[in-house]
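Colleague: One structure coming up, written as structure tokens, with questions to follow.
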Amino acid sequence: MVVALLGPVQWSPPGVDLAEWRAALAEDVIDLLATLNEVEIAVAVTPADRALADALVWPGTTVYEVAEPTPNAVFAALEGYDQAAVLVGDVPDLPALTVGKLLRPLTTRPVAVAPVDGGGPGLLGVAVRLPVPGWVPTLDLDTATPADVRSGAPRPGDVAVTAGWRRLRGPADLATLDPAFEGWEATRALLSGSGRPA
């Protein structure tokens with residue numbers, strides 16, 4: 001199971017409405033997940049954001065309402081799965097291969113994390129074998145680091161650190177979008193409408 005966690009977004013480009021920006025990012029992440037093979041997909045939101053999820057998901061996509069926007073809350077809501085990954089909602093151009101790399105270590109390790117490129121705070125995603133090991137701390141994907149996840153592990157090697165990607169959380173991140181890269185149509189359209197290059 002791969003779940004897009006549509007948590008809060010703190011920044012939008014100048015001239016772009018924050019709610020519209022958040023919706024565009026989320027739509028692109030959901031569309032990316034829909035292309036993945038051999039996994040089930042879902043979206044998770046707090047009750048206040050249920051309307052956002054319902055407006056964006058593909059027919060038949062499960063939407064989980066969670067009390068707080070953390071991977072731990074999402075994992076606790078899942079039933080009947082052996083493995084699960086939770087991804088942030090602000091990576092519209094994430095390569096599908098990066099999601100596969102996050103899941104792959106679960107064959108030999110209980111937890112895998114994908115860091116944010118550039119070494120900034122936060123994580124791109126977390127994958128676990130279910131049920132979640134008791135030593136996994138409550139994680140905020142905006143601030144947690146691989147070291148935070150490893151802090152309670154019996155052995156550091158129990159947490160695999162996989163390929164990262166950058167999140168769109170500020171002007172410097174926006175400048176890294178590659179117009180030649182396929183996907184991210186909603187984000188691209190919103191940026192084009194704002195007069196910014198996309």
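We label chains A, B, ... in the order they appear in the structure tokens, count residues from 1 in each chain, and number ligands from 1 in the order shown.
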DSSP on the backbone, then: every residue of region 63-123 of chain A marked alpha helix (DSSP H), written as a list in words.

Modeller: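 Matching residues, listed in order: Pro71, Asn72, Ala73, Val74, Phe75, Ala76, Ala77, Ala96, Leu97, Thr98, Val99, Gly100, Lys101, Leu102 and Leu103 of chain A.
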
Colleague: Can you write out the residues you just picked, keeping N, CA, C and O atoms, as a PDB file, in the first residue's frame?

Modeller:
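Listing of selection_18.pdb after writing:
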ATOM      1  N   PRO A  71       2.783   9.971   9.372  1.00  0.00           N
ATOM      2  CA  PRO A  71       2.791   8.604   8.832  1.00  0.00           C
ATOM      3  C   PRO A  71       2.285   7.599   9.857  1.00  0.00           C
ATOM      4  O   PRO A  71       1.608   6.636   9.500  1.00  0.00           O
ATOM      5  N   ASN A  72       2.587   7.834  11.138  1.00  0.00           N
ATOM      6  CA  ASN A  72       2.161   6.900  12.178  1.00  0.00           C
ATOM      7  C   ASN A  72       0.648   6.761  12.208  1.00  0.00           C
ATOM      8  O   ASN A  72       0.117   5.652  12.345  1.00  0.00           O
ATOM      9  N   ALA A  73      -0.064   7.886  12.074  1.00  0.00           N
ATOM     10  CA  ALA A  73      -1.522   7.849  12.071  1.00  0.00           C
ATOM     11  C   ALA A  73      -2.038   7.090  10.852  1.00  0.00           C
ATOM     12  O   ALA A  73      -3.033   6.346  10.932  1.00  0.00           O
ATOM     13  N   VAL A  74      -1.357   7.265   9.719  1.00  0.00           N
ATOM     14  CA  VAL A  74      -1.771   6.544   8.505  1.00  0.00           C
ATOM     15  C   VAL A  74      -1.541   5.047   8.677  1.00  0.00           C
ATOM     16  O   VAL A  74      -2.432   4.240   8.386  1.00  0.00           O
ATOM     17  N   PHE A  75      -0.371   4.671   9.143  1.00  0.00           N
ATOM     18  CA  PHE A  75      -0.083   3.243   9.321  1.00  0.00           C
ATOM     19  C   PHE A  75      -1.090   2.591  10.263  1.00  0.00           C
ATOM     20  O   PHE A  75      -1.527   1.463  10.047  1.00  0.00           O
ATOM     21  N   ALA A  76      -1.484   3.318  11.310  1.00  0.00           N
ATOM     22  CA  ALA A  76      -2.437   2.774  12.266  1.00  0.00           C
ATOM     23  C   ALA A  76      -3.818   2.558  11.649  1.00  0.00           C
ATOM     24  O   ALA A  76      -4.588   1.714  12.107  1.00  0.00           O
ATOM     25  N   ALA A  77      -4.123   3.306  10.605  1.00  0.00           N
ATOM     26  CA  ALA A  77      -5.434   3.200   9.958  1.00  0.00           C
ATOM     27  C   ALA A  77      -5.510   2.056   8.953  1.00  0.00           C
ATOM     28  O   ALA A  77      -6.609   1.665   8.531  1.00  0.00           O
ATOM     29  N   ALA A  96       8.573   7.760 -10.384  1.00  0.00           N
ATOM     30  CA  ALA A  96       7.982   6.534  -9.847  1.00  0.00           C
ATOM     31  C   ALA A  96       9.064   5.591  -9.327  1.00  0.00           C
ATOM     32  O   ALA A  96       8.851   4.868  -8.340  1.00  0.00           O
ATOM     33  N   LEU A  97      10.228   5.606  -9.953  1.00  0.00           N
ATOM     34  CA  LEU A  97      11.337   4.742  -9.523  1.00  0.00           C
ATOM     35  C   LEU A  97      11.743   5.022  -8.077  1.00  0.00           C
ATOM     36  O   LEU A  97      12.139   4.113  -7.345  1.00  0.00           O
ATOM     37  N   THR A  98      11.625   6.270  -7.655  1.00  0.00           N
ATOM     38  CA  THR A  98      11.987   6.625  -6.281  1.00  0.00           C
ATOM     39  C   THR A  98      11.055   5.956  -5.285  1.00  0.00           C
ATOM     40  O   THR A  98      11.475   5.556  -4.197  1.00  0.00           O
ATOM     41  N   VAL A  99       9.778   5.812  -5.652  1.00  0.00           N
ATOM     42  CA  VAL A  99       8.826   5.119  -4.784  1.00  0.00           C
ATOM     43  C   VAL A  99       9.210   3.646  -4.672  1.00  0.00           C
ATOM     44  O   VAL A  99       9.204   3.052  -3.594  1.00  0.00           O
ATOM     45  N   GLY A 100       9.581   3.051  -5.801  1.00  0.00           N
ATOM     46  CA  GLY A 100      10.017   1.657  -5.788  1.00  0.00           C
ATOM     47  C   GLY A 100      11.246   1.449  -4.916  1.00  0.00           C
ATOM     48  O   GLY A 100      11.343   0.457  -4.178  1.00  0.00           O
ATOM     49  N   LYS A 101      12.173   2.416  -4.960  1.00  0.00           N
ATOM     50  CA  LYS A 101      13.384   2.299  -4.144  1.00  0.00           C
ATOM     51  C   LYS A 101      13.065   2.405  -2.654  1.00  0.00           C
ATOM     52  O   LYS A 101      13.783   1.838  -1.828  1.00  0.00           O
ATOM     53  N   LEU A 102      12.005   3.126  -2.311  1.00  0.00           N
ATOM     54  CA  LEU A 102      11.605   3.234  -0.909  1.00  0.00           C
ATOM     55  C   LEU A 102      11.025   1.917  -0.403  1.00  0.00           C
ATOM     56  O   LEU A 102      11.227   1.535   0.751  1.00  0.00           O
ATOM     57  N   LEU A 103      10.317   1.201  -1.265  1.00  0.00           N
ATOM     58  CA  LEU A 103       9.694  -0.063  -0.862  1.00  0.00           C
ATOM     59  C   LEU A 103      10.660  -1.246  -0.876  1.00  0.00           C
ATOM     60  O   LEU A 103      10.519  -2.188  -0.098  1.00  0.00           O
TER      61      LEU A 103
END

Colleague: Using only C-alpha atoms, which protein or nucleic acid residues come within 10 Å of Gly134 (chain A)? Drop anything in the same chain fewer than 3 positions from it, and give the result as a list in words.

Modeller: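 Contacts, in chain order: Pro131, Pro137, Gly152 and Ala153 of chain A.
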
Colleague: Could those residues be written to a file, using C-alpha atoms, as a PDB file, in the first residue's frame?

Modeller:
ATOM      1  CA  PRO A 131       2.550  -3.800  12.079  1.00  0.00           C
ATOM      2  CA  PRO A 137       8.870   7.423  16.844  1.00  0.00           C
ATOM      3  CA  GLY A 152      15.125   4.060  18.708  1.00  0.00           C
ATOM      4  CA  ALA A 153      16.033   1.217  16.371  1.00  0.00           C
TER       5      ALA A 153
END

Colleague: Grab the CA of Leu87 (chain A) to CA of Glu182 (chain A) distance for me, in Å with one decimal place.

Modeller: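 That distance, rounded to one decimal, is 19.3 Å.
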
Colleague: Show me, as a count of residues only, the residues that have an atom within 7 Å of Ala85 (chain A) when counting only C-alpha atoms, minus same-chain residues fewer than 5 positions from it.

Modeller: 7

Colleague: Quick one: everything within 8 Å of region 8-22 of chain A, counting only C-alpha atoms, minus sequence neighbours fewer than 4 positions away in the same chain. Send it as a list in words.

Modeller: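 Those residues are Ala26, Asp90, Arg169, Gly170, Pro171, Thr187, Leu190, Leu191 and Ser194 of chain A.
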
Colleague: Using only C-alpha atoms, determine which residues lie at most 7 Å from region 62-68 of chain A, disregarding the query and same-chain residues fewer than 3 positions distant; provide the list as a ChimeraX atom specification.

Modeller: /A:42-47,73-74

Colleague: Could you take the residues named above and write them with N, CA and C atoms, as a short mmCIF file (atom, residue, chain, number, x, y, z; two decimals), in the first residue's frame?

Modeller:
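File produced: out-v1.cif:
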data_model
loop_
_atom_site.label_atom_id
_atom_site.label_comp_id
_atom_site.auth_asym_id
_atom_site.auth_seq_id
_atom_site.Cartn_x
_atom_site.Cartn_y
_atom_site.Cartn_z
N ALA A 42 -3.70 4.89 -1.94
CA ALA A 42 -4.73 5.57 -1.16
C ALA A 42 -4.25 6.98 -0.87
N VAL A 43 -5.16 7.78 -0.32
CA VAL A 43 -4.86 9.14 0.10
C VAL A 43 -5.26 9.25 1.56
N ALA A 44 -4.50 10.02 2.33
CA ALA A 44 -4.83 10.25 3.74
C ALA A 44 -4.89 11.75 4.00
N VAL A 45 -5.90 12.16 4.75
CA VAL A 45 -6.08 13.57 5.11
C VAL A 45 -6.67 13.64 6.52
N THR A 46 -6.55 14.80 7.13
CA THR A 46 -7.31 15.05 8.35
C THR A 46 -8.75 15.34 7.94
N PRO A 47 -9.71 15.20 8.86
CA PRO A 47 -11.11 15.43 8.50
C PRO A 47 -11.35 16.79 7.85
N ALA A 73 -0.06 7.89 12.07
CA ALA A 73 -1.52 7.85 12.07
C ALA A 73 -2.04 7.09 10.85
N VAL A 74 -1.36 7.26 9.72
CA VAL A 74 -1.77 6.54 8.50
C VAL A 74 -1.54 5.05 8.68
#
